[in-house]
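K.L.:
Structure file entry-v3.cif (mmCIF, C-alpha atoms) is given on the next line.
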```cif
data_data
loop_
_atom_site.group_PDB
_atom_site.id
_atom_site.type_symbol
_atom_site.label_atom_id
_atom_site.label_comp_id
_atom_site.auth_asym_id
_atom_site.auth_seq_id
_atom_site.Cartn_x
_atom_site.Cartn_y
_atom_site.Cartn_z
ATOM 1 C CA MET M 1 14.035 -52.485 85.275
ATOM 2 C CA LYS M 2 15.498 -49.022 85.417
ATOM 3 C CA GLN M 3 13.623 -46.380 87.410
ATOM 4 C CA LEU M 4 13.465 -42.685 86.503
ATOM 5 C CA ASP M 5 15.408 -40.260 88.754
ATOM 6 C CA GLY M 6 15.574 -42.805 91.560
ATOM 7 C CA ASP M 7 12.010 -41.863 92.596
ATOM 8 C CA ARG M 8 9.073 -44.217 92.476
ATOM 9 C CA HIS M 9 8.007 -44.123 88.792
ATOM 10 C CA GLU M 10 6.739 -46.604 86.290
ATOM 11 C CA PRO M 11 9.533 -48.472 84.512
ATOM 12 C CA LEU M 12 10.819 -46.996 81.261
ATOM 13 C CA GLU M 13 9.316 -49.957 79.408
ATOM 14 C CA TYR M 14 5.842 -48.674 80.319
ATOM 15 C CA ALA M 15 6.061 -45.904 77.717
ATOM 16 C CA GLY M 16 5.992 -48.402 74.866
ATOM 17 C CA ARG M 17 3.266 -50.652 76.271
ATOM 18 C CA ASP M 18 -0.267 -50.426 74.900
ATOM 19 C CA THR M 19 -2.688 -50.244 77.800
ATOM 20 C CA GLY M 20 -5.786 -50.022 75.600
ATOM 21 C CA LEU M 21 -6.300 -46.440 76.702
ATOM 22 C CA THR M 22 -5.055 -45.034 73.391
ATOM 23 C CA GLY M 23 -7.729 -46.907 71.461
ATOM 24 C CA ALA M 24 -10.428 -45.909 73.938
ATOM 25 C CA VAL M 25 -9.467 -42.243 73.703
ATOM 26 C CA ALA M 26 -9.392 -42.366 69.900
ATOM 27 C CA GLU M 27 -12.828 -44.007 69.821
ATOM 28 C CA ALA M 28 -14.277 -41.433 72.237
ATOM 29 C CA LEU M 29 -12.874 -38.559 70.166
ATOM 30 C CA THR M 30 -14.076 -39.831 66.813
ATOM 31 C CA ARG M 31 -17.536 -40.767 68.065
ATOM 32 C CA ASN M 32 -18.189 -37.629 70.124
ATOM 33 C CA LEU M 33 -16.727 -35.201 67.611
ATOM 34 C CA ARG M 34 -18.404 -37.100 64.732
ATOM 35 C CA ILE M 35 -15.112 -37.668 62.941
ATOM 36 C CA GLY M 36 -15.318 -40.345 60.294
ATOM 37 C CA TYR M 37 -12.310 -42.098 58.868
ATOM 38 C CA ALA M 38 -11.466 -44.789 56.388
ATOM 39 C CA VAL M 39 -8.231 -46.537 55.464
ATOM 40 C CA ILE M 40 -8.119 -46.602 51.663
ATOM 41 C CA ALA M 41 -5.803 -48.559 49.350
ATOM 42 C CA GLU M 42 -4.154 -47.123 46.244
ATOM 43 C CA ASP M 43 -6.918 -48.553 44.034
ATOM 44 C CA CYS M 44 -9.568 -46.634 46.070
ATOM 45 C CA THR M 45 -10.749 -49.753 47.936
ATOM 46 C CA ILE M 46 -11.824 -49.094 51.507
ATOM 47 C CA VAL M 47 -9.888 -51.448 53.766
ATOM 48 C CA GLN M 48 -11.364 -50.267 57.046
ATOM 49 C CA ALA M 49 -13.863 -47.628 58.217
ATOM 50 C CA ASN M 50 -14.911 -46.483 61.650
ATOM 51 C CA PRO M 51 -18.468 -46.706 63.035
ATOM 52 C CA VAL M 52 -19.157 -43.004 62.412
ATOM 53 C CA LEU M 53 -18.812 -43.466 58.624
ATOM 54 C CA GLU M 54 -20.573 -46.816 58.613
ATOM 55 C CA GLU M 55 -23.571 -45.347 60.453
ATOM 56 C CA LEU M 56 -23.918 -42.872 57.583
ATOM 57 C CA PHE M 57 -23.044 -45.025 54.572
ATOM 58 C CA GLY M 58 -23.482 -48.642 55.647
ATOM 59 C CA SER M 59 -20.838 -51.327 55.396
ATOM 60 C CA LEU M 60 -17.843 -49.903 53.518
ATOM 61 C CA LYS M 61 -15.096 -52.526 53.700
ATOM 62 C CA GLY M 62 -14.137 -53.767 50.239
ATOM 63 C CA ARG M 63 -16.067 -51.057 48.392
ATOM 64 C CA LYS M 64 -14.580 -48.256 46.289
ATOM 65 C CA CYS M 65 -14.479 -44.887 48.035
ATOM 66 C CA HIS M 66 -16.011 -42.896 45.168
ATOM 67 C CA GLN M 67 -18.820 -45.421 44.667
ATOM 68 C CA SER M 68 -19.785 -45.791 48.306
ATOM 69 C CA LEU M 69 -19.364 -42.211 49.531
ATOM 70 C CA ARG M 70 -20.221 -40.186 46.411
ATOM 71 C CA ASN M 71 -22.142 -42.656 44.232
ATOM 72 C CA GLU M 72 -19.745 -41.925 41.357
ATOM 73 C CA PRO M 73 -18.493 -44.544 38.867
ATOM 74 C CA GLN M 74 -14.983 -43.014 38.660
ATOM 75 C CA PRO M 75 -12.643 -41.512 41.268
ATOM 76 C CA CYS M 76 -13.454 -37.901 42.071
ATOM 77 C CA PRO M 77 -11.391 -35.512 39.892
ATOM 78 C CA TRP M 78 -10.202 -33.518 42.920
ATOM 79 C CA CYS M 79 -9.302 -36.599 44.993
ATOM 80 C CA ARG M 80 -5.884 -36.378 46.678
ATOM 81 C CA LEU M 81 -5.611 -40.075 47.641
ATOM 82 C CA SER M 82 -2.942 -41.064 45.137
ATOM 83 C CA HIS M 83 -0.933 -37.896 45.766
ATOM 84 C CA ALA M 84 -0.936 -38.477 49.535
ATOM 85 C CA ILE M 85 0.261 -42.051 49.022
ATOM 86 C CA SER M 86 2.904 -41.273 46.379
ATOM 87 C CA SER M 87 4.281 -38.120 48.033
ATOM 88 C CA GLY M 88 4.042 -39.351 51.607
ATOM 89 C CA THR M 89 2.595 -35.993 52.660
ATOM 90 C CA PRO M 90 -0.860 -35.093 53.997
ATOM 91 C CA GLN M 91 -3.284 -33.700 51.428
ATOM 92 C CA HIS M 92 -6.602 -31.912 51.723
ATOM 93 C CA CYS M 93 -9.463 -31.744 49.270
ATOM 94 C CA PRO M 94 -12.259 -29.207 48.901
ATOM 95 C CA ASP M 95 -15.284 -29.396 51.162
ATOM 96 C CA LEU M 96 -17.665 -31.982 49.849
ATOM 97 C CA ALA M 97 -21.374 -32.566 50.010
ATOM 98 C CA THR M 98 -22.892 -35.993 49.570
ATOM 99 C CA THR M 99 -25.998 -37.912 50.499
ATOM 100 C CA ASP M 100 -25.899 -40.582 53.199
ATOM 101 C CA ALA M 101 -27.682 -43.952 53.021
ATOM 102 C CA SER M 102 -30.893 -42.344 54.360
ATOM 103 C CA GLY M 103 -30.889 -39.576 51.752
ATOM 104 C CA ASN M 104 -29.729 -36.831 54.129
ATOM 105 C CA LEU M 105 -27.301 -34.207 52.878
ATOM 106 C CA CYS M 106 -23.869 -34.434 54.561
ATOM 107 C CA ARG M 107 -21.123 -31.828 54.313
ATOM 108 C CA PHE M 108 -17.543 -32.742 55.139
ATOM 109 C CA ARG M 109 -13.998 -31.521 55.055
ATOM 110 C CA ALA M 110 -11.620 -34.316 54.132
ATOM 111 C CA GLY M 111 -7.923 -34.867 54.536
ATOM 112 C CA PHE M 112 -5.695 -37.709 53.375
ATOM 113 C CA PHE M 113 -2.816 -38.901 55.539
ATOM 114 C CA PRO M 114 -0.297 -41.442 54.193
ATOM 115 C CA VAL M 115 0.027 -44.767 55.986
ATOM 116 C CA ASP M 116 2.898 -47.140 55.252
ATOM 117 C CA ALA M 117 2.083 -50.638 56.472
ATOM 118 C CA PRO M 118 3.981 -53.920 56.092
ATOM 119 C CA ASP M 119 1.445 -55.087 53.497
ATOM 120 C CA GLY M 120 1.259 -51.905 51.409
ATOM 121 C CA ARG M 121 0.702 -48.189 51.223
ATOM 122 C CA TYR M 122 -2.607 -46.633 52.169
ATOM 123 C CA ALA M 123 -4.138 -43.301 53.028
ATOM 124 C CA LEU M 124 -6.190 -42.519 56.085
ATOM 125 C CA LYS M 125 -9.065 -40.346 54.862
ATOM 126 C CA VAL M 126 -10.465 -38.289 57.709
ATOM 127 C CA PHE M 127 -13.877 -36.623 57.467
ATOM 128 C CA THR M 128 -14.817 -33.764 59.758
ATOM 129 C CA PRO M 129 -18.160 -31.947 59.641
ATOM 130 C CA ALA M 130 -18.027 -28.806 57.488
#
```
Can you give me the file's structure in the form of structure tokens?

P.N.:
Amino acid sequence: MKQLDGDRHEPLEYAGRDTGLTGAVAEALTRNLRIGYAVIAEDCTIVQANPVLEELFGSLKGRKCHQSLRNEPQPCPWCRLSHAISSGTPQHCPDLATTDASGNLCRFRAGFFPVDAPDGRYALKVFTPA
């Protein structure tokens, strides 16, 4: 393995290795900053959600975003999900207010970030407190 600058350093291969720290840092940030996120498919189905969102809204996997987070039968008219996926560029929507599973009012800012995966195109919807 090649060393950097001849000094005692970790091998170059180390940079690409997942040590688990990245996931731990991401979890600490989202939980402590109360950032919720969901991976959403083009048809508005939630593929994955983090514990912050699930603590507020219950189990979300397999449910439609607009039904589970806004209790609406149709996608929200201002939703930027499809535009984020089709354009490949991040999108932001207006601040939103909704009621969580306990009936408490929640206010969020939301952004959509495109995710291209081997099995399809998705958007990462990130919720930050407003």

K.L.:
For CA of Arg107 (chain M) and CA of Pro94 (chain M), quote the distance in Å rounded to one decimal.

P.N.:
10.7 Å

K.L.:
Starting from the shown file, work through the PyMOL selection byres ((chain M and resi 82) around 9) and note down what comes out as number ranges by chain.

P.N.:
M: 42-44, 79-81, 83-87, 122-123

K.L.:
Please produce a file of those selected residues containing C-alpha atoms, as a short mmCIF file (atom, residue, chain, number, x, y, z; two decimals), in the frame of the given file.

P.N.:
```cif
data_model
loop_
_atom_site.label_atom_id
_atom_site.label_comp_id
_atom_site.auth_asym_id
_atom_site.auth_seq_id
_atom_site.Cartn_x
_atom_site.Cartn_y
_atom_site.Cartn_z
CA GLU M 42 -4.15 -47.12 46.24
CA ASP M 43 -6.92 -48.55 44.03
CA CYS M 44 -9.57 -46.63 46.07
CA CYS M 79 -9.30 -36.60 44.99
CA ARG M 80 -5.88 -36.38 46.68
CA LEU M 81 -5.61 -40.08 47.64
CA HIS M 83 -0.93 -37.90 45.77
CA ALA M 84 -0.94 -38.48 49.54
CA ILE M 85 0.26 -42.05 49.02
CA SER M 86 2.90 -41.27 46.38
CA SER M 87 4.28 -38.12 48.03
CA TYR M 122 -2.61 -46.63 52.17
CA ALA M 123 -4.14 -43.30 53.03
#
```

K.L.:
State, in Å with one decimal place, the distance from CA of Asp100 (chain M) to CA of Val25 (chain M).

P.N.:
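Those two atoms sit 26.3 Å apart.
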
K.L.:
Please report, as lines of an AutoDock Vina configuration file, the centre and edge lengths in Å to one decimal of an axis-aligned box covering all listed atoms of region 45-48 of chain M with 5 Å per side.

P.N.:
```
center_x = -10.9
center_y = -50.3
center_z = 52.5
size_x = 11.9
size_y = 12.4
size_z = 19.1
```

K.L.:
Which polymer residues, whether protein, DNA or RNA, lie within 7 Å of the coordinate (-17.6, -38.3, 57.5) when you count only C-alpha atoms? List them as a CSV table (one decimal) with C-alpha atoms, in the coordinates of the input, using the chain letters and numbers from the file.

P.N.:
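Wrote point-v1.csv, looks like this:
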```csv
chain,number,residue,atom,x,y,z
M,35,ILE,CA,-15.1,-37.7,62.9
M,36,GLY,CA,-15.3,-40.3,60.3
M,37,TYR,CA,-12.3,-42.1,58.9
M,52,VAL,CA,-19.2,-43.0,62.4
M,53,LEU,CA,-18.8,-43.5,58.6
M,108,PHE,CA,-17.5,-32.7,55.1
M,127,PHE,CA,-13.9,-36.6,57.5
M,128,THR,CA,-14.8,-33.8,59.8
M,129,PRO,CA,-18.2,-31.9,59.6
```

K.L.:
Would you mind telling me which residue in M:Ala38, M:Leu60, M:Ile46, M:Leu29 lies nearest to Ala110 (chain M) when using only C-alpha atoms?

P.N.:
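Once distances to Ala110 (chain M) are computed over only C-alpha atoms, the minimum belongs to M:Ala38.
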
K.L.:
Name the closest residue to Pro75 (chain M) among the candidates M:Thr45, M:Thr99, M:Ser59, M:Gln91; distances are taken between atoms, counting only C-alpha atoms.

P.N.:
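Nearest to Pro75 (chain M): M:Thr45.
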
K.L.:
On this structure, which residues satisfy the PyMOL selection byres ((chain M and resi 90) around 8), written as a PyMOL selection string?

P.N.:
chain M and resi 84+88-89+91-92+111-114

K.L.:
For the file shown, report as a short mmCIF file (atom, residue, chain, number, x, y, z; two decimals) with C-alpha atoms, in the coordinates of the input the outcome of the PyMOL selection byres ((chain M and resi 97) around 6) at residue level.

P.N.:
```cif
data_model
loop_
_atom_site.label_atom_id
_atom_site.label_comp_id
_atom_site.auth_asym_id
_atom_site.auth_seq_id
_atom_site.Cartn_x
_atom_site.Cartn_y
_atom_site.Cartn_z
CA LEU M 96 -17.66 -31.98 49.85
CA THR M 98 -22.89 -35.99 49.57
CA CYS M 106 -23.87 -34.43 54.56
CA ARG M 107 -21.12 -31.83 54.31
#
```

K.L.:
How far is it from CA of Ile40 (chain M) to CA of Val115 (chain M), in Å with one decimal?

P.N.:
9.4 Å

K.L.:
My list of candidates is M:His66, M:Phe57, M:Ala26, M:Ala117. Which is closest to Asn104 (chain M) when distances are computed with only C-alpha atoms?

P.N.:
M:Phe57
